[in-house]
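Have a look at input-v1.pdb; it's PDB, N, CA and C atoms:
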```
ATOM      1  N   MET A 225     -75.980  33.223 -86.591
ATOM      2  CA  MET A 225     -75.163  32.625 -85.554
ATOM      3  C   MET A 225     -74.991  33.634 -84.431
ATOM      4  N   GLU A 226     -75.193  33.206 -83.231
ATOM      5  CA  GLU A 226     -74.994  34.058 -82.059
ATOM      6  C   GLU A 226     -73.497  34.169 -81.783
ATOM      7  N   ILE A 227     -73.008  35.372 -81.594
ATOM      8  CA  ILE A 227     -71.591  35.589 -81.329
ATOM      9  C   ILE A 227     -71.395  35.727 -79.818
ATOM     10  N   ILE A 228     -70.407  35.027 -79.288
ATOM     11  CA  ILE A 228     -70.143  35.039 -77.853
ATOM     12  C   ILE A 228     -68.732  35.561 -77.622
ATOM     13  N   GLN A 229     -68.600  36.576 -76.763
ATOM     14  CA  GLN A 229     -67.285  37.031 -76.348
ATOM     15  C   GLN A 229     -67.244  37.024 -74.828
ATOM     16  N   ILE A 230     -66.171  36.483 -74.297
ATOM     17  CA  ILE A 230     -66.001  36.482 -72.854
ATOM     18  C   ILE A 230     -65.327  37.782 -72.448
ATOM     19  N   ASN A 231     -65.307  38.076 -71.166
ATOM     20  CA  ASN A 231     -64.555  39.219 -70.677
ATOM     21  C   ASN A 231     -63.123  38.750 -70.440
ATOM     22  N   PRO A 232     -62.259  38.974 -71.414
ATOM     23  CA  PRO A 232     -60.889  38.487 -71.267
ATOM     24  C   PRO A 232     -60.116  39.280 -70.226
ATOM     25  N   THR A 233     -59.102  38.640 -69.662
ATOM     26  CA  THR A 233     -58.268  39.324 -68.681
ATOM     27  C   THR A 233     -57.393  40.368 -69.360
ATOM     28  N   THR A 234     -57.110  40.186 -70.619
ATOM     29  CA  THR A 234     -56.342  41.166 -71.389
ATOM     30  C   THR A 234     -56.999  41.308 -72.752
ATOM     31  N   PRO A 235     -56.915  42.485 -73.365
ATOM     32  CA  PRO A 235     -57.527  42.677 -74.683
ATOM     33  C   PRO A 235     -56.938  41.721 -75.719
ATOM     34  N   ARG A 236     -57.749  41.383 -76.685
ATOM     35  CA  ARG A 236     -57.309  40.489 -77.754
ATOM     36  C   ARG A 236     -57.522  41.174 -79.094
ATOM     37  N   ALA A 237     -56.526  41.090 -79.944
ATOM     38  CA  ALA A 237     -56.654  41.612 -81.299
ATOM     39  C   ALA A 237     -57.535  40.656 -82.087
ATOM     40  N   PRO A 238     -58.395  41.184 -82.949
ATOM     41  CA  PRO A 238     -59.199  40.284 -83.787
ATOM     42  C   PRO A 238     -58.292  39.475 -84.699
ATOM     43  N   ILE A 239     -58.680  38.262 -84.966
ATOM     44  CA  ILE A 239     -57.836  37.391 -85.781
ATOM     45  C   ILE A 239     -58.475  37.094 -87.125
ATOM     46  N   ALA A 240     -57.627  36.754 -88.075
ATOM     47  CA  ALA A 240     -58.087  36.353 -89.401
ATOM     48  C   ALA A 240     -58.400  34.862 -89.339
ATOM     49  N   PHE A 241     -59.646  34.545 -89.123
ATOM     50  CA  PHE A 241     -60.065  33.156 -88.953
ATOM     51  C   PHE A 241     -61.516  33.054 -89.378
ATOM     52  N   THR A 242     -61.843  32.026 -90.112
ATOM     53  CA  THR A 242     -63.207  31.794 -90.539
ATOM     54  C   THR A 242     -63.719  30.517 -89.887
ATOM     55  N   VAL A 243     -64.821  30.631 -89.173
ATOM     56  CA  VAL A 243     -65.425  29.464 -88.542
ATOM     57  C   VAL A 243     -66.127  28.654 -89.624
ATOM     58  N   THR A 244     -65.822  27.380 -89.657
ATOM     59  CA  THR A 244     -66.407  26.476 -90.645
ATOM     60  C   THR A 244     -67.182  25.379 -89.931
ATOM     61  N   ASP A 245     -67.629  24.416 -90.690
ATOM     62  CA  ASP A 245     -68.306  23.255 -90.116
ATOM     63  C   ASP A 245     -67.344  22.086 -89.920
ATOM     64  N   ALA A 246     -66.061  22.381 -89.814
ATOM     65  CA  ALA A 246     -65.067  21.335 -89.575
ATOM     66  C   ALA A 246     -65.296  20.740 -88.185
ATOM     67  N   ASN A 247     -64.649  19.618 -87.922
ATOM     68  CA  ASN A 247     -64.823  19.027 -86.595
ATOM     69  C   ASN A 247     -64.183  19.929 -85.538
ATOM     70  N   ALA A 248     -64.558  19.732 -84.296
ATOM     71  CA  ALA A 248     -64.145  20.613 -83.202
ATOM     72  C   ALA A 248     -62.626  20.673 -83.056
ATOM     73  N   PHE A 249     -61.954  19.555 -83.197
ATOM     74  CA  PHE A 249     -60.502  19.534 -83.039
ATOM     75  C   PHE A 249     -59.816  20.375 -84.113
ATOM     76  N   THR A 250     -60.316  20.300 -85.328
ATOM     77  CA  THR A 250     -59.758  21.096 -86.423
ATOM     78  C   THR A 250     -60.017  22.577 -86.189
ATOM     79  N   LEU A 251     -61.232  22.926 -85.780
ATOM     80  CA  LEU A 251     -61.550  24.328 -85.490
ATOM     81  C   LEU A 251     -60.622  24.896 -84.425
ATOM     82  N   ILE A 252     -60.439  24.149 -83.345
ATOM     83  CA  ILE A 252     -59.595  24.629 -82.254
ATOM     84  C   ILE A 252     -58.148  24.775 -82.703
ATOM     85  N   ALA A 253     -57.635  23.789 -83.415
ATOM     86  CA  ALA A 253     -56.247  23.857 -83.888
ATOM     87  C   ALA A 253     -56.044  25.044 -84.828
ATOM     88  N   ASP A 254     -56.971  25.237 -85.753
ATOM     89  CA  ASP A 254     -56.870  26.355 -86.698
ATOM     90  C   ASP A 254     -57.006  27.692 -85.973
ATOM     91  N   PHE A 255     -57.910  27.759 -85.003
ATOM     92  CA  PHE A 255     -58.081  28.985 -84.229
ATOM     93  C   PHE A 255     -56.806  29.316 -83.460
ATOM     94  N   LYS A 256     -56.221  28.326 -82.796
ATOM     95  CA  LYS A 256     -54.992  28.556 -82.040
ATOM     96  C   LYS A 256     -53.881  29.077 -82.944
ATOM     97  N   ARG A 257     -53.749  28.488 -84.106
ATOM     98  CA  ARG A 257     -52.717  28.909 -85.066
ATOM     99  C   ARG A 257     -52.947  30.369 -85.482
ATOM    100  N   ALA A 258     -54.187  30.719 -85.783
ATOM    101  CA  ALA A 258     -54.510  32.083 -86.205
ATOM    102  C   ALA A 258     -54.318  33.078 -85.058
ATOM    103  N   ALA A 259     -54.698  32.696 -83.856
ATOM    104  CA  ALA A 259     -54.546  33.582 -82.704
ATOM    105  C   ALA A 259     -53.072  33.851 -82.413
ATOM    106  N   ARG A 260     -52.268  32.833 -82.495
ATOM    107  CA  ARG A 260     -50.825  33.027 -82.258
ATOM    108  C   ARG A 260     -50.198  33.888 -83.350
ATOM    109  N   ALA A 261     -50.694  33.744 -84.562
ATOM    110  CA  ALA A 261     -50.205  34.587 -85.668
ATOM    111  C   ALA A 261     -50.594  36.048 -85.440
ATOM    112  N   ALA A 262     -51.676  36.277 -84.674
ATOM    113  CA  ALA A 262     -52.124  37.632 -84.343
ATOM    114  C   ALA A 262     -51.481  38.120 -83.036
ATOM    115  N   ASP A 263     -50.462  37.403 -82.587
ATOM    116  CA  ASP A 263     -49.685  37.763 -81.385
ATOM    117  C   ASP A 263     -50.446  37.636 -80.075
ATOM    118  N   TRP A 264     -51.409  36.723 -80.013
ATOM    119  CA  TRP A 264     -52.071  36.439 -78.751
ATOM    120  C   TRP A 264     -51.101  35.673 -77.861
ATOM    121  N   SER A 265     -51.190  35.897 -76.563
ATOM    122  CA  SER A 265     -50.366  35.137 -75.617
ATOM    123  C   SER A 265     -50.970  33.745 -75.426
ATOM    124  N   ASP A 266     -50.185  32.847 -74.854
ATOM    125  CA  ASP A 266     -50.700  31.507 -74.562
ATOM    126  C   ASP A 266     -51.900  31.585 -73.617
ATOM    127  N   THR A 267     -51.851  32.509 -72.654
ATOM    128  CA  THR A 267     -52.955  32.663 -71.710
ATOM    129  C   THR A 267     -54.227  33.089 -72.433
ATOM    130  N   GLN A 268     -54.118  34.036 -73.345
ATOM    131  CA  GLN A 268     -55.280  34.496 -74.093
ATOM    132  C   GLN A 268     -55.888  33.359 -74.913
ATOM    133  N   VAL A 269     -55.033  32.604 -75.569
ATOM    134  CA  VAL A 269     -55.504  31.476 -76.382
ATOM    135  C   VAL A 269     -56.174  30.443 -75.485
ATOM    136  N   ASP A 270     -55.520  30.087 -74.399
ATOM    137  CA  ASP A 270     -56.051  29.058 -73.499
ATOM    138  C   ASP A 270     -57.388  29.474 -72.884
ATOM    139  N   GLU A 271     -57.519  30.743 -72.468
ATOM    140  CA  GLU A 271     -58.781  31.225 -71.898
ATOM    141  C   GLU A 271     -59.912  31.125 -72.910
ATOM    142  N   THR A 272     -59.640  31.536 -74.129
ATOM    143  CA  THR A 272     -60.672  31.539 -75.156
ATOM    144  C   THR A 272     -61.097  30.125 -75.517
ATOM    145  N   VAL A 273     -60.135  29.246 -75.686
ATOM    146  CA  VAL A 273     -60.446  27.856 -76.037
ATOM    147  C   VAL A 273     -61.191  27.175 -74.886
ATOM    148  N   ALA A 274     -60.778  27.445 -73.655
ATOM    149  CA  ALA A 274     -61.468  26.848 -72.501
ATOM    150  C   ALA A 274     -62.929  27.300 -72.467
ATOM    151  N   GLN A 275     -63.177  28.586 -72.711
ATOM    152  CA  GLN A 275     -64.552  29.094 -72.748
ATOM    153  C   GLN A 275     -65.335  28.433 -73.882
ATOM    154  N   ALA A 276     -64.695  28.298 -75.031
ATOM    155  CA  ALA A 276     -65.359  27.711 -76.197
ATOM    156  C   ALA A 276     -65.759  26.256 -75.948
ATOM    157  N   MET A 277     -64.972  25.563 -75.152
ATOM    158  CA  MET A 277     -65.214  24.145 -74.911
ATOM    159  C   MET A 277     -66.223  23.875 -73.790
ATOM    160  N   LEU A 278     -66.777  24.924 -73.183
ATOM    161  CA  LEU A 278     -67.729  24.741 -72.087
ATOM    162  C   LEU A 278     -69.117  24.296 -72.539
ATOM    163  N   GLY A 279     -69.380  24.412 -73.806
ATOM    164  CA  GLY A 279     -70.716  24.075 -74.293
ATOM    165  C   GLY A 279     -70.679  23.056 -75.411
ATOM    166  N   ASN A 280     -71.719  23.086 -76.203
ATOM    167  CA  ASN A 280     -71.817  22.160 -77.328
ATOM    168  C   ASN A 280     -71.061  22.706 -78.546
ATOM    169  N   TYR A 281     -71.189  22.024 -79.656
ATOM    170  CA  TYR A 281     -70.466  22.400 -80.879
ATOM    171  C   TYR A 281     -70.856  23.802 -81.343
ATOM    172  N   HIS A 282     -72.123  24.134 -81.265
ATOM    173  CA  HIS A 282     -72.584  25.464 -81.664
ATOM    174  C   HIS A 282     -71.947  26.544 -80.784
ATOM    175  N   HIS A 283     -71.869  26.281 -79.489
ATOM    176  CA  HIS A 283     -71.228  27.216 -78.559
ATOM    177  C   HIS A 283     -69.750  27.398 -78.935
ATOM    178  N   LEU A 284     -69.087  26.323 -79.287
ATOM    179  CA  LEU A 284     -67.684  26.392 -79.717
ATOM    180  C   LEU A 284     -67.549  27.316 -80.921
ATOM    181  N   GLN A 285     -68.378  27.096 -81.924
ATOM    182  CA  GLN A 285     -68.320  27.923 -83.128
ATOM    183  C   GLN A 285     -68.589  29.395 -82.812
ATOM    184  N   CYS A 286     -69.608  29.647 -82.015
ATOM    185  CA  CYS A 286     -69.983  31.032 -81.699
ATOM    186  C   CYS A 286     -68.908  31.742 -80.893
ATOM    187  N   THR A 287     -68.320  31.044 -79.946
ATOM    188  CA  THR A 287     -67.271  31.652 -79.130
ATOM    189  C   THR A 287     -66.055  31.991 -79.978
ATOM    190  N   LEU A 288     -65.613  31.058 -80.809
ATOM    191  CA  LEU A 288     -64.459  31.330 -81.658
ATOM    192  C   LEU A 288     -64.760  32.452 -82.643
ATOM    193  N   ALA A 289     -65.975  32.466 -83.172
ATOM    194  CA  ALA A 289     -66.363  33.512 -84.120
ATOM    195  C   ALA A 289     -66.335  34.889 -83.476
ATOM    196  N   GLY A 290     -66.548  34.943 -82.178
ATOM    197  CA  GLY A 290     -66.552  36.218 -81.470
ATOM    198  C   GLY A 290     -65.230  36.947 -81.491
ATOM    199  N   TYR A 291     -64.181  36.280 -81.878
ATOM    200  CA  TYR A 291     -62.849  36.892 -81.893
ATOM    201  C   TYR A 291     -62.281  37.039 -83.298
ATOM    202  N   THR A 292     -63.102  36.831 -84.295
ATOM    203  CA  THR A 292     -62.617  36.996 -85.664
ATOM    204  C   THR A 292     -62.715  38.452 -86.081
ATOM    205  N   ALA A 293     -61.915  38.833 -87.031
ATOM    206  CA  ALA A 293     -61.913  40.211 -87.518
ATOM    207  C   ALA A 293     -63.283  40.601 -88.053
ATOM    208  N   ASP A 294     -63.967  39.677 -88.703
ATOM    209  CA  ASP A 294     -65.290  39.979 -89.268
ATOM    210  C   ASP A 294     -66.300  40.295 -88.181
ATOM    211  N   SER A 295     -66.360  39.502 -87.129
ATOM    212  CA  SER A 295     -67.365  39.738 -86.097
ATOM    213  C   SER A 295     -67.039  40.973 -85.278
ATOM    214  N   VAL A 296     -65.772  41.242 -85.051
ATOM    215  CA  VAL A 296     -65.396  42.443 -84.313
ATOM    216  C   VAL A 296     -65.800  43.677 -85.100
ATOM    217  N   ALA A 297     -65.636  43.644 -86.411
ATOM    218  CA  ALA A 297     -66.059  44.763 -87.262
ATOM    219  C   ALA A 297     -67.573  44.944 -87.176
ATOM    220  N   ASP A 298     -68.326  43.848 -87.103
ATOM    221  CA  ASP A 298     -69.783  43.932 -86.971
ATOM    222  C   ASP A 298     -70.185  44.591 -85.661
ATOM    223  N   PHE A 299     -69.458  44.283 -84.560
ATOM    224  CA  PHE A 299     -69.760  44.875 -83.264
ATOM    225  C   PHE A 299     -69.523  46.384 -83.264
ATOM    226  N   GLN A 300     -68.554  46.823 -84.048
ATOM    227  CA  GLN A 300     -68.180  48.236 -84.048
ATOM    228  C   GLN A 300     -69.102  49.078 -84.911
ATOM    229  N   ARG A 301     -69.962  48.468 -85.682
ATOM    230  CA  ARG A 301     -70.878  49.214 -86.555
ATOM    231  C   ARG A 301     -72.044  49.763 -85.793
TER     232      ARG A 301
END
```

If you took the structure in this file and wrote it as structure tokens, what would it be?
Amino acid sequence: MEIIQINPTTPRAPIAFTVTDANAFTLIADFKRAARAADWSDTQVDETVAQAMLGNYHHLQCTLAGYTADSVADFQR
């Protein structure tokens, strides 16, 4: 899976979230819940979700995955 990260206006802490094959609405709702639990601001959540929704379902999954703790750890290796 290709991981996509946008250039956020403010840094974002990686979140504990696993991208699944759930429908898009479920993925977004679960992502928002996890991001808020990681102390993301509403602006950070909204920017990320807006970017994720610019493409198809695969783009949505890849964008959300770009902010998970697992993918951030992969980038740092």

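The coordinates place atom N of Tyr291 in chain A at 7.5 Å from CA of Ile239 in chain A.
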
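Here CA of Phe249 in chain A is placed at a distance of 13.6 Å from atom N of Asn280 in chain A.
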
Residues around (-63.9, 22.1, -80.1), cut-off 9 Å, counting only C-alpha atoms - what are they as a PyMOL selection string? chain A and resi 247-253+273+276-277+280-281+284-285

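Taking CA of Phe241 in chain A and atom C of Arg257 in chain A as the two end points, the separation is 8.4 Å.
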
Residues at most 8 Å from Ala259 in chain A, counting only N, CA and C atoms, excluding those fewer than 4 positions away in the same chain, as a PyMOL selection string? chain A and resi 237-241+253-255+263-265+268-269

Extract the full set of helix (DSSP H, G or I) residues from range 233-284 of chain A according to DSSP on the backbone, and format it as a PyMOL selection string. chain A and resi 248-261+266-276+281-284

All heavy atoms restored at range 235-246 of chain A, emitted as a CSV table (one decimal), in the frame of the given file:
```csv
chain,number,residue,atom,x,y,z
A,235,PRO,N,-56.9,42.5,-73.4
A,235,PRO,CA,-57.5,42.7,-74.7
A,235,PRO,C,-56.9,41.7,-75.7
A,235,PRO,O,-55.8,41.3,-75.6
A,235,PRO,CB,-57.2,44.1,-75.0
A,235,PRO,CG,-56.7,44.8,-73.8
A,235,PRO,CD,-56.2,43.7,-72.9
A,236,ARG,N,-57.7,41.4,-76.7
A,236,ARG,CA,-57.3,40.5,-77.8
A,236,ARG,C,-57.5,41.2,-79.1
A,236,ARG,O,-58.6,41.7,-79.3
A,236,ARG,CB,-58.1,39.2,-77.7
A,236,ARG,CG,-57.8,38.3,-76.5
A,236,ARG,CD,-58.9,37.3,-76.4
A,236,ARG,NE,-58.7,36.3,-75.4
A,236,ARG,CZ,-58.7,36.4,-74.1
A,236,ARG,NH1,-58.9,37.6,-73.6
A,236,ARG,NH2,-58.4,35.4,-73.3
A,237,ALA,N,-56.5,41.1,-79.9
A,237,ALA,CA,-56.7,41.6,-81.3
A,237,ALA,C,-57.5,40.7,-82.1
A,237,ALA,O,-57.5,39.4,-81.9
A,237,ALA,CB,-55.3,41.7,-82.0
A,238,PRO,N,-58.4,41.2,-82.9
A,238,PRO,CA,-59.2,40.3,-83.8
A,238,PRO,C,-58.3,39.5,-84.7
A,238,PRO,O,-57.2,40.0,-85.1
A,238,PRO,CB,-60.1,41.2,-84.6
A,238,PRO,CG,-59.6,42.6,-84.4
A,238,PRO,CD,-58.7,42.6,-83.2
A,239,ILE,N,-58.7,38.3,-85.0
A,239,ILE,CA,-57.8,37.4,-85.8
A,239,ILE,C,-58.5,37.1,-87.1
A,239,ILE,O,-59.7,37.2,-87.3
A,239,ILE,CB,-57.5,36.1,-85.1
A,239,ILE,CG1,-58.8,35.3,-84.8
A,239,ILE,CG2,-56.8,36.4,-83.8
A,239,ILE,CD1,-58.5,33.9,-84.3
A,240,ALA,N,-57.6,36.8,-88.1
A,240,ALA,CA,-58.1,36.4,-89.4
A,240,ALA,C,-58.4,34.9,-89.3
A,240,ALA,O,-57.5,34.0,-89.4
A,240,ALA,CB,-57.0,36.6,-90.4
A,241,PHE,N,-59.6,34.5,-89.1
A,241,PHE,CA,-60.1,33.2,-89.0
A,241,PHE,C,-61.5,33.1,-89.4
A,241,PHE,O,-62.3,33.9,-89.1
A,241,PHE,CB,-59.9,32.7,-87.5
A,241,PHE,CG,-60.4,31.4,-87.2
A,241,PHE,CD1,-59.7,30.3,-87.5
A,241,PHE,CD2,-61.6,31.2,-86.5
A,241,PHE,CE1,-60.2,29.0,-87.2
A,241,PHE,CE2,-62.1,29.9,-86.2
A,241,PHE,CZ,-61.4,28.8,-86.6
A,242,THR,N,-61.8,32.0,-90.1
A,242,THR,CA,-63.2,31.8,-90.5
A,242,THR,C,-63.7,30.5,-89.9
A,242,THR,O,-63.1,29.5,-90.0
A,242,THR,CB,-63.3,31.7,-92.1
A,242,THR,OG1,-62.8,32.8,-92.7
A,242,THR,CG2,-64.7,31.4,-92.5
A,243,VAL,N,-64.8,30.6,-89.2
A,243,VAL,CA,-65.4,29.5,-88.5
A,243,VAL,C,-66.1,28.7,-89.6
A,243,VAL,O,-66.9,29.2,-90.4
A,243,VAL,CB,-66.4,29.9,-87.4
A,243,VAL,CG1,-67.1,28.7,-86.9
A,243,VAL,CG2,-65.7,30.6,-86.3
A,244,THR,N,-65.8,27.4,-89.7
A,244,THR,CA,-66.4,26.5,-90.6
A,244,THR,C,-67.2,25.4,-89.9
A,244,THR,O,-67.3,25.4,-88.7
A,244,THR,CB,-65.3,25.8,-91.5
A,244,THR,OG1,-64.5,25.0,-90.7
A,244,THR,CG2,-64.4,26.9,-92.2
A,245,ASP,N,-67.6,24.4,-90.7
A,245,ASP,CA,-68.3,23.3,-90.1
A,245,ASP,C,-67.3,22.1,-89.9
A,245,ASP,O,-67.8,20.9,-89.8
A,245,ASP,CB,-69.5,22.8,-91.0
A,245,ASP,CG,-70.6,23.8,-90.9
A,245,ASP,OD1,-70.8,24.5,-89.9
A,245,ASP,OD2,-71.4,23.9,-91.9
A,246,ALA,N,-66.1,22.4,-89.8
A,246,ALA,CA,-65.1,21.3,-89.6
A,246,ALA,C,-65.3,20.7,-88.2
A,246,ALA,O,-66.0,21.3,-87.4
A,246,ALA,CB,-63.7,21.9,-89.7
```
